[in-house]
Structure formats: C-alpha cells, structure tokens
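As structure tokens, the structure follows; a few thoughts come after it.
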Protein chains: 2
Amino acid sequence: MRLSEGVEWGLHCAAVLAFVPEGKGLPATKLAEYHGVPGAYLAKSLQSLSRARIVEALPGRNGGYRLARPADEITVLDVVEALDGAEPAFRCTEIRRRAPFKIPKSDFQIPCSIHTVMDRADAAWRAELRTVSIADILGMFVQHVSPETITKGAHWLEEALP
Amino acid sequence: MRLSEGVEWGLHCAAVLAFVPEGKGLPATKLAEYHGVPGAYLAKSLQSLSRARIVEALPGRNGGYRLARPADEITVLDVVEALDGAEPAFRCTEIRRRAPFKIPKSDFQIPCSIHTVMDRADAAWRAELRTVSIADILGMFVQHVSPETITKGAHWLEEALP
DNA sequence: GGAGTGATACTCGGATATCTGGTGTCCGAGTTTTCGCGG
DNA sequence: CCGCGAAAACTCGGACACCAGATATCCGAGTATCACTCC
C-alpha cells in the first residue's frame with residue numbers, strides 16, 4: 001500500500017498557497033520550481049485539487065492558483081481524498097460467498113467481519129487526518145522554523161506573484 | 001492508495017486455518033478452491049505469511065499450511081504487514097529542502113510537519129488493526145452466521161484434510 | 001490625450017505516452033507416503 | 001508375516017511473464033494584458 005507522490009506535493013502546495021494574498025494567484029510553474037518537482041505532472045495534481053474546490057484557478061495571463069477557502073477550513077483529509085480518491089484502501093470482494101457449499105442468504109445480511117475491521121481502521125486513519133487543517137500545519141511549521149527562513153519565503157513569494 | 005488483493009485472501013485464509021487440528025496441514029490448493037481464487041498466486045501470499053512466521057508449512061505428501069501460533073496471538077496487523085510490508089503508506093521525500101533559497105540546517109532538525117501528521121494517522125490505522133486478533137474475527141463470525149453453515153464448513157474441512 | 005480594438009503572452013485543462021509494481025503463472029527441490037520385495 | 005528399500009506422488013519454494021495504475025509529458029482552449037490605432 002503506497003500513497004501517491006502527488007499527495008505529498010499537494011499538501012506542500014496547499015501550505016504555500018495559504019500565503020497568497022487575496023485576489024492573486026500563484027502559477028503552477030512557480031509552485032513546481034519551488035518544490036523542485038516536474039511542473040507538467042504537478043499540474044495534474046493541482047487540477048484534482050481544483051475539481052475538489054480546495055484550490056481555485058484564476059485563468060488568464062496573470063492567473064494562477066489560490067486556496068478556495070481559508071486554510072483553517074481545509075483539512076489534510078480533504079487534500080488526501082482529493083488526490084488519492086475517497087475509496088477505502090481495503091476492497092472487500094466478498095470471497096466469503098464463494099465457499100464450495102451452499103450458504104443461506106441470511107448469513108450475508110451481516111457485513112463480512114474482516115471487512116468491518118478493515119473499515120474501522122480506515123475510519124481511524126481518516127479521522128486522524130480530519131483533525132488537522134492546513135492552518136495547523138502552518139502553525140507547526142512557523143513554530144519550529146527560524147524567522148529568517150520565513151522572511152526568505154515571503155520574499156520569494158513576492159517575486160513569484162504577478 | 002490501494003491495499004493488495006492478497007491481504008484479503010490472507011486474512012480469510014488465516015481464519016480458515018484456525019480450524020485445522022493439531023499436527024495437520026491444509027494444502028494451498030484446497031485453500032484456493034475454497035475461496036475461489038487462483039491457487040498459484042495465493043501460494044505467493046502464503047509464502048509471505050510463512051516467512052513472517054504467521055503460518056507454518058508442513059512439507060511432504062500430506063503436508064499443507066497451519067497457523068504457527070494460536071489464533072488469539074495473531075493480530076490482523078501481523079497479517080497485513082506480512083503481506084503488504086511494514087513501511088508507512090506516506091513516504092516523505094523531504095521536498096521542503098528543495099526551496100530555491102538557502103535554509104539553515106537547523107530548520108531540518110525537526111521532522112517535516114506534514115510527515116509527522118501522516119505518520120500519526122498511519123500509527124492510528126495500525127493501532128486499530130493491532131487490537132483485533134484472528135480469534136476475534138472468528139468470534140464475530142460465529143456470532144452472526146447460522147450453525148448450519150458452521151457444520152458445513154467443518155465437514156468440508158474434514159474432507160479437505162489429508 | 002483617451003478610448004477602442006486587435007494581437008499577444010501567459011494561464012489552466014484535458015488527452016496522450018512511458019514505466020514501475022501488483023497480478024498471474026510456471027517449474028524445480030524436498031519430504032512423506034506407499035508399494036513391492038526379500039527374508 | 002514383518003522389515004527394508006526404492007519409487008512415486010504430492011507438497012512448498014523461488015524464478016519468470018503480463019497488465020493496470022501511477023508517473024511524466026504534451027498541445028489546445030481561454031482570458032487578462034498590452035500596444036497600437038483612430039477619434
């Protein structure tokens with residue numbers, strides 16, 4: 001079980017986009033060169049985030065991406081599900097039905113025990129991700145990083161914005 | 001993020017193997033036809049379980065597989081990690097280091113915030129799976145299924161064992 | 001000088017190749033059973 | 001009738017193809033900007 005690389009990119013992008021001022025947008029190209037990742041592929045991830053209404057795209061010459069909502073109203077789970085899909089990792093194929101002897105239908109009214117357990121774990125995973133917002137991520141970030149780095153980042157953003 | 005199909009098979013197999021009496025083994029072929037899955041591929045999963053000391057293989061003519069430990073000492077997490085690997089789903093590639101300006105090394109002493117959050121969710125997922133044993137799965141099973149089905153299953157196992 | 005208009009440059013969006021890892025299959029090594037033979 | 005031995009049949013174990021989804025890339029659609037022209 002491996003999470004797509006795009007999830008990591010998307011989360012970092014959301015963190016950067018939180019600093020984009022009202023009315024402006026940061027082009028995908030800039031986001032890509034900031035993180036040192038292939039721009040053409042990052043665009044694909046950003047499109048998924050756009051479809052999920054997590055970021056919004058400003059078209060046109062001085063366009064770009066920006067958060068569609070305040071950073072404290074975007075959870076990490078939102079980003080993960082937008083990029084990775086919301087289907088649970090475990091897919092029950094109901095192989096319990098394939099036993100080589102006849103089983104009454106009533107036995108299958110109750111969900112498969114294994115399915116239940118895996119779903120519970122999946123719910124715990126998602127619940128954990130739902131408790132953390134992009135704003136929280138930024139909070140953890142600024143708490144640990146040197147003020148000098150914050151300044152440099154802000155400066156870089158100034159130059160990158162149209 | 002998708003969990004391998006073999007995980008489902010492995011869990012169901014572990015549940016069935018819990019009924020194999022002391023000293024005997026159930027061949028992989030029988031397990032495959034019971035679950036209606038390709039036997040050659042199921043063998044691959046069973047080998048992984050064998051390497052992880054979750055099941056043990058009895059070689060020879062009347063050989064087969066059996067649980068290596070009592071069912072209440074095998075957690076669902078054991079099976080999942082044996083088949084899917086124990087590495088966390090999220091892999092941090094430290095893209096925070098690639099920013100196009102110089103960042104002091106000290107900023108990277110603290111683990112990446114995003115990495116931390118994802119790891120915490122991963123831990124919650126694994127913790128949930130660790131609380132459930134194969135014996136618990138069986139308990140949930142016999143609680144809901146009709147006694148008739150249990151009898152049929154026991155009968156099938158009688159015939160399948162050498 | 002100001003407004004209108006066309007061209008332009010830059011943006012996003014979806015459709016298109018490539019490649020790694022899961023999926024599926026095969027044959028060889030090893031052990032227990034079993035059958036046959038001799039005592 | 002019993003013990004021994006060799007062959008056989010069945011088991012697991014690892015090495016070899018195949019395919020779907022993630023990765024990576026491209027080109028087309030659309031819009032704000034800008035420059036130029038005309039009034």
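In the structure tokens, chains take the letters A, B, ... in the order shown, each chain's residues start at 1, and ligands count up from 1 in the order shown.
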
Legend entry - Selection near stretch 26-39 of chain C, 7 Å with only C-alpha atoms (C1' of nucleotides), sequence-local residues under 3 positions removed, as a list in words: Pro59, Gly60, Arg61 and Asn62 of chain B

Could you write out that same residue set with all heavy atoms as a PDB file, in the first residue's frame?
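Output file again_12.pdb follows:
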```
ATOM      1  N   PRO B  59       5.928 -29.749   5.003  1.00  0.00           N
ATOM      2  CA  PRO B  59       6.282 -30.241   3.666  1.00  0.00           C
ATOM      3  C   PRO B  59       5.874 -31.701   3.512  1.00  0.00           C
ATOM      4  O   PRO B  59       5.405 -32.338   4.453  1.00  0.00           O
ATOM      5  CB  PRO B  59       7.802 -30.082   3.649  1.00  0.00           C
ATOM      6  CG  PRO B  59       8.222 -30.193   5.078  1.00  0.00           C
ATOM      7  CD  PRO B  59       7.080 -29.682   5.910  1.00  0.00           C
ATOM      8  N   GLY B  60       6.051 -32.175   2.311  1.00  0.00           N
ATOM      9  CA  GLY B  60       5.794 -33.587   2.054  1.00  0.00           C
ATOM     10  C   GLY B  60       4.416 -33.888   1.508  1.00  0.00           C
ATOM     11  O   GLY B  60       3.610 -32.984   1.289  1.00  0.00           O
ATOM     12  N   ARG B  61       4.159 -35.145   1.354  1.00  0.00           N
ATOM     13  CA  ARG B  61       2.960 -35.566   0.642  1.00  0.00           C
ATOM     14  C   ARG B  61       1.671 -35.096   1.325  1.00  0.00           C
ATOM     15  O   ARG B  61       0.838 -34.442   0.727  1.00  0.00           O
ATOM     16  CB  ARG B  61       2.939 -37.077   0.517  1.00  0.00           C
ATOM     17  CG  ARG B  61       1.698 -37.558  -0.170  1.00  0.00           C
ATOM     18  CD  ARG B  61       1.753 -39.038  -0.381  1.00  0.00           C
ATOM     19  NE  ARG B  61       0.426 -39.507  -0.787  1.00  0.00           N
ATOM     20  CZ  ARG B  61       0.230 -40.289  -1.823  1.00  0.00           C
ATOM     21  NH1 ARG B  61       1.246 -40.665  -2.544  1.00  0.00           N
ATOM     22  NH2 ARG B  61      -0.983 -40.696  -2.131  1.00  0.00           N
ATOM     23  N   ASN B  62       1.495 -35.424   2.550  1.00  0.00           N
ATOM     24  CA  ASN B  62       0.279 -34.990   3.234  1.00  0.00           C
ATOM     25  C   ASN B  62       0.475 -33.672   3.991  1.00  0.00           C
ATOM     26  O   ASN B  62      -0.101 -33.471   5.053  1.00  0.00           O
ATOM     27  CB  ASN B  62      -0.210 -36.077   4.197  1.00  0.00           C
ATOM     28  CG  ASN B  62      -0.829 -37.227   3.433  1.00  0.00           C
ATOM     29  OD1 ASN B  62      -0.997 -37.160   2.221  1.00  0.00           O
ATOM     30  ND2 ASN B  62      -1.162 -38.285   4.129  1.00  0.00           N
TER      31      ASN B  62
END
```

Inset, instruction - Determine, counting only C-alpha atoms (C1' of nucleotides), which protein, DNA and RNA residues have an atom within 9 Å of an atom of A:Ala14; residues of the same chain fewer than 5 positions away are not included. Present the result as an MDAnalysis selection string. - result: chainID A and resid 9 54:55 66:67 71 79 134

Contacts of A:Lys30 at 12 Å (only C-alpha atoms (C1' of nucleotides); same-chain gap of 3+ positions) as an mmCIF file with N, CA and C atoms, in the first residue's frame:
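Result file result.cif:
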```cif
data_model
loop_
_atom_site.group_PDB
_atom_site.id
_atom_site.type_symbol
_atom_site.label_atom_id
_atom_site.label_comp_id
_atom_site.auth_asym_id
_atom_site.auth_seq_id
_atom_site.Cartn_x
_atom_site.Cartn_y
_atom_site.Cartn_z
ATOM 1 N N CYS A 13 1.972 22.177 -1.438
ATOM 2 C CA CYS A 13 1.444 23.276 -2.253
ATOM 3 C C CYS A 13 0.369 24.035 -1.486
ATOM 4 N N VAL A 16 1.922 26.377 0.911
ATOM 5 C CA VAL A 16 2.483 27.579 0.285
ATOM 6 C C VAL A 16 1.364 28.519 -0.153
ATOM 7 N N LEU A 17 0.324 27.949 -0.727
ATOM 8 C CA LEU A 17 -0.768 28.777 -1.259
ATOM 9 C C LEU A 17 -1.486 29.551 -0.147
ATOM 10 N N GLY A 25 -3.000 35.009 -7.553
ATOM 11 C CA GLY A 25 -2.824 33.581 -7.769
ATOM 12 C C GLY A 25 -1.373 33.260 -8.060
ATOM 13 N N LEU A 26 -0.946 32.081 -7.655
ATOM 14 C CA LEU A 26 0.429 31.657 -7.893
ATOM 15 C C LEU A 26 0.424 30.589 -8.982
ATOM 16 N N PRO A 27 1.136 30.826 -10.087
ATOM 17 C CA PRO A 27 1.109 29.868 -11.207
ATOM 18 C C PRO A 27 1.671 28.510 -10.801
ATOM 19 N N GLU A 33 8.666 24.846 -9.436
ATOM 20 C CA GLU A 33 10.086 25.133 -9.276
ATOM 21 C C GLU A 33 10.433 25.372 -7.803
ATOM 22 N N TYR A 34 9.453 25.831 -7.036
ATOM 23 C CA TYR A 34 9.701 25.995 -5.596
ATOM 24 C C TYR A 34 10.005 24.648 -4.956
ATOM 25 N N HIS A 35 9.234 23.628 -5.334
ATOM 26 C CA HIS A 35 9.377 22.318 -4.700
ATOM 27 C C HIS A 35 10.316 21.385 -5.455
ATOM 28 N N GLY A 36 10.814 21.869 -6.613
ATOM 29 C CA GLY A 36 11.738 21.027 -7.359
ATOM 30 C C GLY A 36 11.101 19.769 -7.904
ATOM 31 N N VAL A 37 9.896 19.910 -8.440
ATOM 32 C CA VAL A 37 9.205 18.748 -9.000
ATOM 33 C C VAL A 37 8.797 19.063 -10.431
ATOM 34 N N PRO A 38 8.572 18.042 -11.268
ATOM 35 C CA PRO A 38 8.178 18.278 -12.661
ATOM 36 C C PRO A 38 6.866 19.042 -12.754
ATOM 37 N N GLY A 39 6.913 20.191 -13.399
ATOM 38 C CA GLY A 39 5.754 21.077 -13.445
ATOM 39 C C GLY A 39 4.562 20.483 -14.160
ATOM 40 N N ALA A 40 4.816 19.747 -15.231
ATOM 41 C CA ALA A 40 3.710 19.218 -16.028
ATOM 42 C C ALA A 40 2.892 18.220 -15.217
ATOM 43 N N LEU A 42 2.846 18.077 -11.792
ATOM 44 C CA LEU A 42 2.217 18.772 -10.665
ATOM 45 C C LEU A 42 0.895 19.396 -11.102
ATOM 46 N N ALA A 43 0.855 19.867 -12.354
ATOM 47 C CA ALA A 43 -0.374 20.463 -12.876
ATOM 48 C C ALA A 43 -1.547 19.497 -12.745
ATOM 49 N N GLY A 63 -2.775 34.893 -14.073
ATOM 50 C CA GLY A 63 -3.548 33.976 -13.233
ATOM 51 C C GLY A 63 -2.675 33.107 -12.356
ATOM 52 N N GLY A 64 -3.267 32.033 -11.882
ATOM 53 C CA GLY A 64 -2.555 31.116 -11.005
ATOM 54 C C GLY A 64 -3.528 30.436 -10.067
ATOM 55 N N TYR A 65 -2.954 29.767 -9.075
ATOM 56 C CA TYR A 65 -3.802 29.066 -8.104
ATOM 57 C C TYR A 65 -3.797 29.780 -6.759
ATOM 58 N N TRP A 156 10.494 35.383 -1.486
ATOM 59 C CA TRP A 156 10.372 34.589 -2.715
ATOM 60 C C TRP A 156 8.965 34.710 -3.291
ATOM 61 N N LEU A 157 7.971 34.650 -2.401
ATOM 62 C CA LEU A 157 6.583 34.718 -2.858
ATOM 63 C C LEU A 157 6.307 36.066 -3.527
ATOM 64 N N GLU A 158 6.811 37.144 -2.948
ATOM 65 C CA GLU A 158 6.660 38.490 -3.533
ATOM 66 C C GLU A 158 7.095 38.493 -4.995
ATOM 67 N N GLU A 159 8.265 37.895 -5.211
ATOM 68 C CA GLU A 159 8.823 37.912 -6.558
ATOM 69 C C GLU A 159 8.047 37.003 -7.501
ATOM 70 N N ALA A 160 7.510 35.924 -6.932
ATOM 71 C CA ALA A 160 6.859 34.931 -7.787
ATOM 72 C C ALA A 160 5.465 35.381 -8.212
ATOM 73 N N LEU A 161 4.807 36.145 -7.357
ATOM 74 C CA LEU A 161 3.467 36.614 -7.697
ATOM 75 C C LEU A 161 3.535 37.597 -8.856
ATOM 76 N N PRO A 162 2.523 37.637 -9.688
ATOM 77 C CA PRO A 162 2.496 38.541 -10.836
ATOM 78 C C PRO A 162 2.425 40.015 -10.395
ATOM 79 N N ALA B 99 13.612 24.136 -1.542
ATOM 80 C CA ALA B 99 13.214 25.525 -1.787
ATOM 81 C C ALA B 99 14.375 26.270 -2.454
ATOM 82 N N PRO B 100 14.051 27.196 -3.355
ATOM 83 C CA PRO B 100 15.084 27.864 -4.160
ATOM 84 C C PRO B 100 15.832 28.940 -3.400
#
```

Inset, instruction - Select all residues from chain D having any atom no more than 10 Å from an atom of chain A (counting only C-alpha atoms (C1' of nucleotides), ignoring ligands), output as a ChimeraX atom specification. - result: /D:22-26,30-33

Inset, instruction - Check the smallest atom-to-atom distance from each of A:Asp107, A:Leu31, A:Ile150, A:Thr116 to chain B using only C-alpha atoms, then report the winner. - result: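 Once distances to chain B are computed over only C-alpha atoms, the minimum belongs to A:Asp107.
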
Inset, instruction - Using only C-alpha atoms (C1' of nucleotides), select each residue of chain C with any atom at most 9 Å away from an atom of chain A, and give the selection as a count of residues only. - result: 5

Legend entry - Which residue of A:Ile137, A:Ala32, A:Val145, A:Met1 approaches B:Pro104 most closely, using only C-alpha atoms: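 The answer is A:Val145, which sits nearest to B:Pro104.
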
Inset, instruction - Going by DSSP on the backbone, which bits of chain A are alpha helix (DSSP H)? Write them as a ChimeraX atom specification, please. - result: /A:5-17,28-35,39-51,76-84,113-130,134-144,147-160

Inset, instruction - For atom CA of B:Ala82 and atom CA of B:Val7, quote the distance in Å rounded to one decimal. - result: 8.8 Å

Legend entry - Who sits within 9 Å of A:Val80, only C-alpha atoms (C1' of nucleotides), same chain under 3 positions skipped, as number ranges by chain: A: 7-8, 10-11, 75-77, 83-86, 129

Inset, instruction - Could you tell me which of A:Ala123, A:Ala18, A:Leu3, A:Ala154 comes closest to chain B if we count only C-alpha atoms? - result: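 Ranked by minimum distance to chain B, first place goes to A:Leu3.
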
Legend entry - Residue among A:His12, A:Gln109, A:Ser133, A:Glu56 lying closest to B:Thr93, counting only C-alpha atoms: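 Using only C-alpha atoms, the shortest distance to B:Thr93 belongs to A:His12.
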
Inset, instruction - Please indicate the distance in Å from atom CA of B:Glu81 to atom CA of A:Arg130, rounded to one decimal place. - result: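 Interatomic distance here is 24.5 Å.
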
Legend entry - d(atom CA of B:Glu73, atom CA of B:Thr131) in Å: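 These atoms are spaced 10.9 Å apart.
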